[in-house]
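K.L.:
Dropping a structure here in structure tokens format, bear with me for questions.
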Amino acid sequence: MDVAMVGLGKMGASMATRLLRGGHRVVAFDVRESATKAIEAEGVEGARNLEKLVGKLKPPRTVWVMVPAGEPTESVLGELADRLSPGDVVIEGGNSNYKDTVRRAARLKERGLHFLDVGTSGGVWGSTEGYGMMVGGEERVVERMRPIFETLAPAPDKGWGWVGPSGSGHFVKMIHNGIEYGMMEAYAEGFEVLKAKTEFELDLRNVAEIWRYGSVVRSWLLDLIAAALEGGPELDGIKDWVADSGEGRWTVAEAIDLDVPAPVITLSLLMRLASRQERSYAAKLLAAMRKQFGGHEVKRDD
């Protein structure tokens, strides 16, 4: 099956090569010509712009978009809509807000184009392990694209599936990432408590290795913790500053809109924000209040 890939970041490039290995013909484009040349070295056919990319495919075409959420996605989808033909399929696999996805699907439908939103998980490991994919859109179009999803998934019948109408794929992925925030925070806090118990001189990597097998907390995230600890428990060279992709924020906002309590996910997001503060004004004010009402000692900032 012919597939065009737009966007050759780490995930887009690895997906393109996995599709190629799976027997698909893949044509790829990235605004960075160096990325296009790099993927050509892997055997993927490159294109230097979207017009040439579309021209290399016979209708009905399939174009998978893997560019950053927001304006980059909006721009690419707009350009593709002007170049594709009725009956062509556009698959958007980035971390777009599901509300944007619902709007985009309606707009492309007016042009006679089919649109699938695919919440994609797996990161850089997906190239070898396969990707988890939550697919939204028309079920009959999903069935038509089945060969692509079966190739990218961990197994043809595992790790992917149709979840509902347009927007649902990105919505499910949003909640997936919110859960991921909570799981990561729980692991991080637990290992910090273990590290603080200095009298036991615990080998944190050994603990992680024990937990990886048979334990009820075993998971792929724990596998990654064990790998990260190979260099030592101090994690030298890593700053205690944690980014967020935006999906955790959207999950919290959605929970509030739906009157659903989600305290763990919410707190895990707030802890990421706290990690970015070089100094906490709130903490200073808390110390000042304790001194005012109870005469408690404060530490001076020299």
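So you can find residues: chains in the structure tokens are A, B, ... in the order shown, residues in each start at 1, and ligands are numbered from 1 in order.
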List every residue of segment 83-191 of chain A that DSSP, applied to the backbone of this structure, assigns to strand (DSSP E), and report them as a PyMOL selection string.
P.N.:
chain A and resi 89-92+114-121+132-136+160-164
K.L.:
Considering only C-alpha atoms, give me a table of residues in segment 65-107 of chain A that are at most 10 Å from segment 116-136 of chain A, with the closest atom pair and distance in Å for each, as JSON lines.
P.N.:
{"residue": "A:Val65", "atom": "CA", "partner": "A:Asp117", "partner_atom": "CA", "distance": 9.8}
{"residue": "A:Met66", "atom": "CA", "partner": "A:Thr120", "partner_atom": "CA", "distance": 9.9}
{"residue": "A:Val89", "atom": "CA", "partner": "A:Leu116", "partner_atom": "CA", "distance": 7.6}
{"residue": "A:Val90", "atom": "CA", "partner": "A:Leu116", "partner_atom": "CA", "distance": 6.3}
{"residue": "A:Ile91", "atom": "CA", "partner": "A:Leu116", "partner_atom": "CA", "distance": 4.7}
{"residue": "A:Glu92", "atom": "CA", "partner": "A:Asp117", "partner_atom": "CA", "distance": 5.0}
{"residue": "A:Gly93", "atom": "CA", "partner": "A:Val118", "partner_atom": "CA", "distance": 4.7}
{"residue": "A:Gly94", "atom": "CA", "partner": "A:Gly119", "partner_atom": "CA", "distance": 6.8}
{"residue": "A:Asn95", "atom": "CA", "partner": "A:Gly119", "partner_atom": "CA", "distance": 6.7}
{"residue": "A:Ser96", "atom": "CA", "partner": "A:Gly119", "partner_atom": "CA", "distance": 8.6}
{"residue": "A:Tyr98", "atom": "CA", "partner": "A:Asp117", "partner_atom": "CA", "distance": 8.6}
{"residue": "A:Thr101", "atom": "CA", "partner": "A:Asp117", "partner_atom": "CA", "distance": 7.1}
{"residue": "A:Val102", "atom": "CA", "partner": "A:Asp117", "partner_atom": "CA", "distance": 9.1}
{"residue": "A:Arg104", "atom": "CA", "partner": "A:Asp117", "partner_atom": "CA", "distance": 9.9}
{"residue": "A:Ala105", "atom": "CA", "partner": "A:Leu116", "partner_atom": "CA", "distance": 7.8}
K.L.:
At a cut-off of 8 Å, using only C-alpha atoms, what residues contact segment 77-88 of chain A? Leave out same-chain residues fewer than 6 positions from it and give the result as a VMD selection string.
P.N.:
chain A and resid 50 to 51 54 59 to 62 108 111 to 114
K.L.:
Enumerate the residues of segment 212-294 of chain A with a DSSP assignment of helix (DSSP H, G or I), computed from the backbone, and present them as a tab-separated table (two decimals) with N, CA and C atoms, in the first residue's frame.
P.N.:
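Written out: out.tsv:
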chain	number	residue	atom	x	y	z
A	220	TRP	N	6.24	-0.91	31.46
A	220	TRP	CA	7.28	-0.42	30.56
A	220	TRP	C	7.96	0.80	31.15
A	221	LEU	N	7.21	1.64	31.86
A	221	LEU	CA	7.83	2.80	32.51
A	221	LEU	C	8.87	2.35	33.52
A	222	LEU	N	8.60	1.27	34.23
A	222	LEU	CA	9.58	0.75	35.19
A	222	LEU	C	10.81	0.22	34.46
A	223	ASP	N	10.60	-0.39	33.31
A	223	ASP	CA	11.74	-0.82	32.49
A	223	ASP	C	12.64	0.37	32.16
A	224	LEU	N	12.00	1.50	31.81
A	224	LEU	CA	12.75	2.69	31.45
A	224	LEU	C	13.47	3.28	32.67
A	225	ILE	N	12.86	3.18	33.84
A	225	ILE	CA	13.51	3.64	35.07
A	225	ILE	C	14.78	2.83	35.32
A	226	ALA	N	14.66	1.51	35.18
A	226	ALA	CA	15.83	0.65	35.37
A	226	ALA	C	16.95	1.03	34.41
A	227	ALA	N	16.59	1.31	33.16
A	227	ALA	CA	17.60	1.71	32.18
A	227	ALA	C	18.23	3.05	32.55
A	228	ALA	N	17.41	3.99	33.03
A	228	ALA	CA	17.92	5.31	33.40
A	228	ALA	C	18.87	5.23	34.59
A	229	LEU	N	18.64	4.26	35.48
A	229	LEU	CA	19.46	4.14	36.69
A	229	LEU	C	20.77	3.39	36.45
A	230	GLU	N	20.97	2.89	35.24
A	230	GLU	CA	22.21	2.17	34.95
A	230	GLU	C	23.44	3.05	35.18
A	231	GLY	N	23.26	4.35	34.94
A	231	GLY	CA	24.39	5.27	35.12
A	231	GLY	C	24.60	5.72	36.55
A	247	GLU	N	-0.96	17.85	26.81
A	247	GLU	CA	-2.08	16.93	26.92
A	247	GLU	C	-2.50	16.70	28.36
A	248	GLY	N	-1.56	16.79	29.30
A	248	GLY	CA	-1.92	16.70	30.71
A	248	GLY	C	-2.81	17.87	31.12
A	249	ARG	N	-2.48	19.04	30.63
A	249	ARG	CA	-3.30	20.24	30.92
A	249	ARG	C	-4.70	20.08	30.36
A	250	TRP	N	-4.77	19.56	29.12
A	250	TRP	CA	-6.09	19.40	28.50
A	250	TRP	C	-6.91	18.36	29.25
A	251	THR	N	-6.25	17.31	29.75
A	251	THR	CA	-6.96	16.28	30.51
A	251	THR	C	-7.57	16.87	31.77
A	252	VAL	N	-6.78	17.67	32.48
A	252	VAL	CA	-7.27	18.30	33.71
A	252	VAL	C	-8.43	19.23	33.40
A	253	ALA	N	-8.30	20.03	32.35
A	253	ALA	CA	-9.37	20.95	31.97
A	253	ALA	C	-10.64	20.18	31.60
A	254	GLU	N	-10.48	19.07	30.90
A	254	GLU	CA	-11.65	18.26	30.51
A	254	GLU	C	-12.32	17.66	31.74
A	255	ALA	N	-11.51	17.19	32.69
A	255	ALA	CA	-12.07	16.62	33.92
A	255	ALA	C	-12.90	17.67	34.66
A	256	ILE	N	-12.41	18.90	34.71
A	256	ILE	CA	-13.14	19.98	35.36
A	256	ILE	C	-14.45	20.26	34.62
A	257	ASP	N	-14.36	20.33	33.29
A	257	ASP	CA	-15.56	20.59	32.48
A	257	ASP	C	-16.62	19.50	32.68
A	263	PRO	N	-7.77	13.99	40.94
A	263	PRO	CA	-6.74	14.63	41.77
A	263	PRO	C	-5.32	14.16	41.47
A	264	VAL	N	-5.14	12.88	41.16
A	264	VAL	CA	-3.78	12.37	40.93
A	264	VAL	C	-3.19	12.98	39.66
A	265	ILE	N	-3.98	12.97	38.59
A	265	ILE	CA	-3.50	13.54	37.33
A	265	ILE	C	-3.25	15.04	37.49
A	266	THR	N	-4.16	15.72	38.18
A	266	THR	CA	-4.02	17.16	38.38
A	266	THR	C	-2.75	17.48	39.16
A	267	LEU	N	-2.52	16.76	40.26
A	267	LEU	CA	-1.34	17.02	41.07
A	267	LEU	C	-0.06	16.68	40.32
A	268	SER	N	-0.10	15.63	39.50
A	268	SER	CA	1.11	15.27	38.74
A	268	SER	C	1.47	16.38	37.77
A	269	LEU	N	0.46	17.04	37.19
A	269	LEU	CA	0.72	18.18	36.31
A	269	LEU	C	1.32	19.33	37.11
A	270	LEU	N	0.75	19.62	38.28
A	270	LEU	CA	1.25	20.72	39.10
A	270	LEU	C	2.68	20.46	39.56
A	271	MET	N	3.03	19.21	39.80
A	271	MET	CA	4.40	18.89	40.20
A	271	MET	C	5.38	19.17	39.06
A	272	ARG	N	4.93	18.98	37.83
A	272	ARG	CA	5.80	19.34	36.70
A	272	ARG	C	6.02	20.84	36.65
A	273	LEU	N	4.98	21.60	36.92
A	273	LEU	CA	5.13	23.05	36.94
A	273	LEU	C	6.07	23.47	38.07
A	274	ALA	N	5.94	22.81	39.23
A	274	ALA	CA	6.80	23.14	40.36
A	274	ALA	C	8.27	22.87	40.05
A	281	TYR	N	8.33	31.50	45.30
A	281	TYR	CA	7.82	32.61	46.11
A	281	TYR	C	6.78	32.11	47.10
A	282	ALA	N	5.96	31.15	46.66
A	282	ALA	CA	4.92	30.60	47.54
A	282	ALA	C	5.55	29.97	48.78
A	283	ALA	N	6.64	29.22	48.59
A	283	ALA	CA	7.30	28.59	49.72
A	283	ALA	C	7.87	29.63	50.68
A	284	LYS	N	8.42	30.70	50.14
A	284	LYS	CA	8.93	31.78	50.99
A	284	LYS	C	7.81	32.40	51.80
A	285	LEU	N	6.66	32.61	51.16
A	285	LEU	CA	5.53	33.21	51.86
A	285	LEU	C	4.98	32.27	52.93
A	286	LEU	N	4.98	30.97	52.65
A	286	LEU	CA	4.55	30.00	53.66
A	286	LEU	C	5.44	30.07	54.90
A	287	ALA	N	6.76	30.15	54.66
A	287	ALA	CA	7.69	30.25	55.78
A	287	ALA	C	7.45	31.53	56.58
A	288	ALA	N	7.19	32.63	55.86
A	288	ALA	CA	6.94	33.91	56.53
A	288	ALA	C	5.67	33.85	57.38
A	289	MET	N	4.62	33.19	56.89
A	289	MET	CA	3.37	33.06	57.64
A	289	MET	C	3.59	32.26	58.91
A	290	ARG	N	4.37	31.15	58.80
A	290	ARG	CA	4.63	30.33	59.98
A	290	ARG	C	5.37	31.13	61.05
A	291	LYS	N	6.29	31.99	60.60
A	291	LYS	CA	7.01	32.83	61.55
A	291	LYS	C	6.08	33.83	62.22
A	292	GLN	N	5.15	34.38	61.43
A	292	GLN	CA	4.24	35.40	61.95
A	292	GLN	C	3.27	34.83	62.99
A	293	PHE	N	2.68	33.65	62.69
A	293	PHE	CA	1.66	33.17	63.63
A	293	PHE	C	2.20	32.27	64.73
A	294	GLY	N	3.38	31.68	64.51
A	294	GLY	CA	3.88	30.76	65.53
A	294	GLY	C	5.28	31.03	65.99
K.L.:
For Phe149 of chain A, which residue among A:Val67, A:Val260, A:Arg18, A:Ser275 is the nearest when counting only C-alpha atoms?
P.N.:
A:Arg18
K.L.:
Give me, please, the distance in Å between atom CA of Leu20 of chain A and atom CA of Val44 of chain A, quoted to one decimal.
P.N.:
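Between atom CA of Leu20 of chain A and atom CA of Val44 of chain A the gap works out to 7.0 Å.
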K.L.:
By how many Å are atom CA of Ser168 of chain A and atom CA of Arg140 of chain A apart?
P.N.:
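These two atoms are separated by 15.5 Å.
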K.L.:
So that I can see what lies close to Ser34 of chain A, please list as a ChimeraX atom specification the residues with an atom at most 12 Å from it, counting only C-alpha atoms and leaving out residues fewer than 3 positions away in the same chain.
P.N.:
/A:8-9,29-31,37-41,46-48
K.L.:
Give me a file of those residues, with N, CA and C atoms, as a PDB file, in the first residue's frame.
P.N.:
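Okay, again.pdb is ready:
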ATOM      1  N   LEU A   8       9.119  14.467   9.495  1.00  0.00           N
ATOM      2  CA  LEU A   8      10.113  13.430   9.734  1.00  0.00           C
ATOM      3  C   LEU A   8      10.908  13.700  11.003  1.00  0.00           C
ATOM      4  N   GLY A   9      10.163  14.040  12.069  1.00  0.00           N
ATOM      5  CA  GLY A   9      10.785  14.052  13.382  1.00  0.00           C
ATOM      6  C   GLY A   9      11.141  12.622  13.755  1.00  0.00           C
ATOM      7  N   PHE A  29       8.110  13.682   3.121  1.00  0.00           N
ATOM      8  CA  PHE A  29       8.519  15.086   2.991  1.00  0.00           C
ATOM      9  C   PHE A  29       8.645  15.706   4.376  1.00  0.00           C
ATOM     10  N   ASP A  30       9.664  16.545   4.523  1.00  0.00           N
ATOM     11  CA  ASP A  30       9.842  17.356   5.720  1.00  0.00           C
ATOM     12  C   ASP A  30      10.345  18.726   5.285  1.00  0.00           C
ATOM     13  N   VAL A  31       9.969  19.754   6.020  1.00  0.00           N
ATOM     14  CA  VAL A  31      10.429  21.099   5.668  1.00  0.00           C
ATOM     15  C   VAL A  31      11.943  21.209   5.778  1.00  0.00           C
ATOM     16  N   LYS A  37      16.550  13.973   3.154  1.00  0.00           N
ATOM     17  CA  LYS A  37      17.705  13.249   2.618  1.00  0.00           C
ATOM     18  C   LYS A  37      18.066  12.064   3.503  1.00  0.00           C
ATOM     19  N   ALA A  38      17.951  12.253   4.818  1.00  0.00           N
ATOM     20  CA  ALA A  38      18.288  11.168   5.744  1.00  0.00           C
ATOM     21  C   ALA A  38      17.350   9.979   5.566  1.00  0.00           C
ATOM     22  N   ILE A  39      16.073  10.245   5.348  1.00  0.00           N
ATOM     23  CA  ILE A  39      15.111   9.151   5.188  1.00  0.00           C
ATOM     24  C   ILE A  39      15.276   8.485   3.820  1.00  0.00           C
ATOM     25  N   GLU A  40      15.747   9.258   2.831  1.00  0.00           N
ATOM     26  CA  GLU A  40      16.028   8.675   1.519  1.00  0.00           C
ATOM     27  C   GLU A  40      17.153   7.648   1.625  1.00  0.00           C
ATOM     28  N   ALA A  41      18.094   7.916   2.523  1.00  0.00           N
ATOM     29  CA  ALA A  41      19.193   6.970   2.720  1.00  0.00           C
ATOM     30  C   ALA A  41      18.702   5.643   3.299  1.00  0.00           C
ATOM     31  N   GLY A  46      11.848  10.298  -1.317  1.00  0.00           N
ATOM     32  CA  GLY A  46      11.663  11.644  -0.803  1.00  0.00           C
ATOM     33  C   GLY A  46      10.974  12.572  -1.790  1.00  0.00           C
ATOM     34  N   ALA A  47      10.375  13.628  -1.237  1.00  0.00           N
ATOM     35  CA  ALA A  47       9.771  14.689  -2.053  1.00  0.00           C
ATOM     36  C   ALA A  47      10.216  16.020  -1.466  1.00  0.00           C
ATOM     37  N   ARG A  48      10.375  17.025  -2.322  1.00  0.00           N
ATOM     38  CA  ARG A  48      10.913  18.295  -1.855  1.00  0.00           C
ATOM     39  C   ARG A  48       9.846  19.312  -1.454  1.00  0.00           C
TER      40      ARG A  48
END
K.L.:
Using only C-alpha atoms for the distances, tell me which of A:Thr151, A:Thr198, A:Ser75, A:Thr36 is nearest to Met1 of chain A.
P.N.:
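For Met1 of chain A, the nearest of the given residues is A:Thr151.
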K.L.:
Using only C-alpha atoms, which of the listed residues (A:Val142, A:Asp244, A:Gly295, A:Asp100) sits closest to Pro165 of chain A?
P.N.:
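With only C-alpha atoms as the atom set, the closest residue is A:Val142.
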K.L.:
Go through A:His24, A:Ile210, A:Val216, A:Val3 one by one, measure the shortest atom-to-atom distance of each to Trp64 of chain A using only C-alpha atoms, and give the residue with the smallest value.
P.N.:
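Closest to Trp64 of chain A of all the choices is A:Val3.
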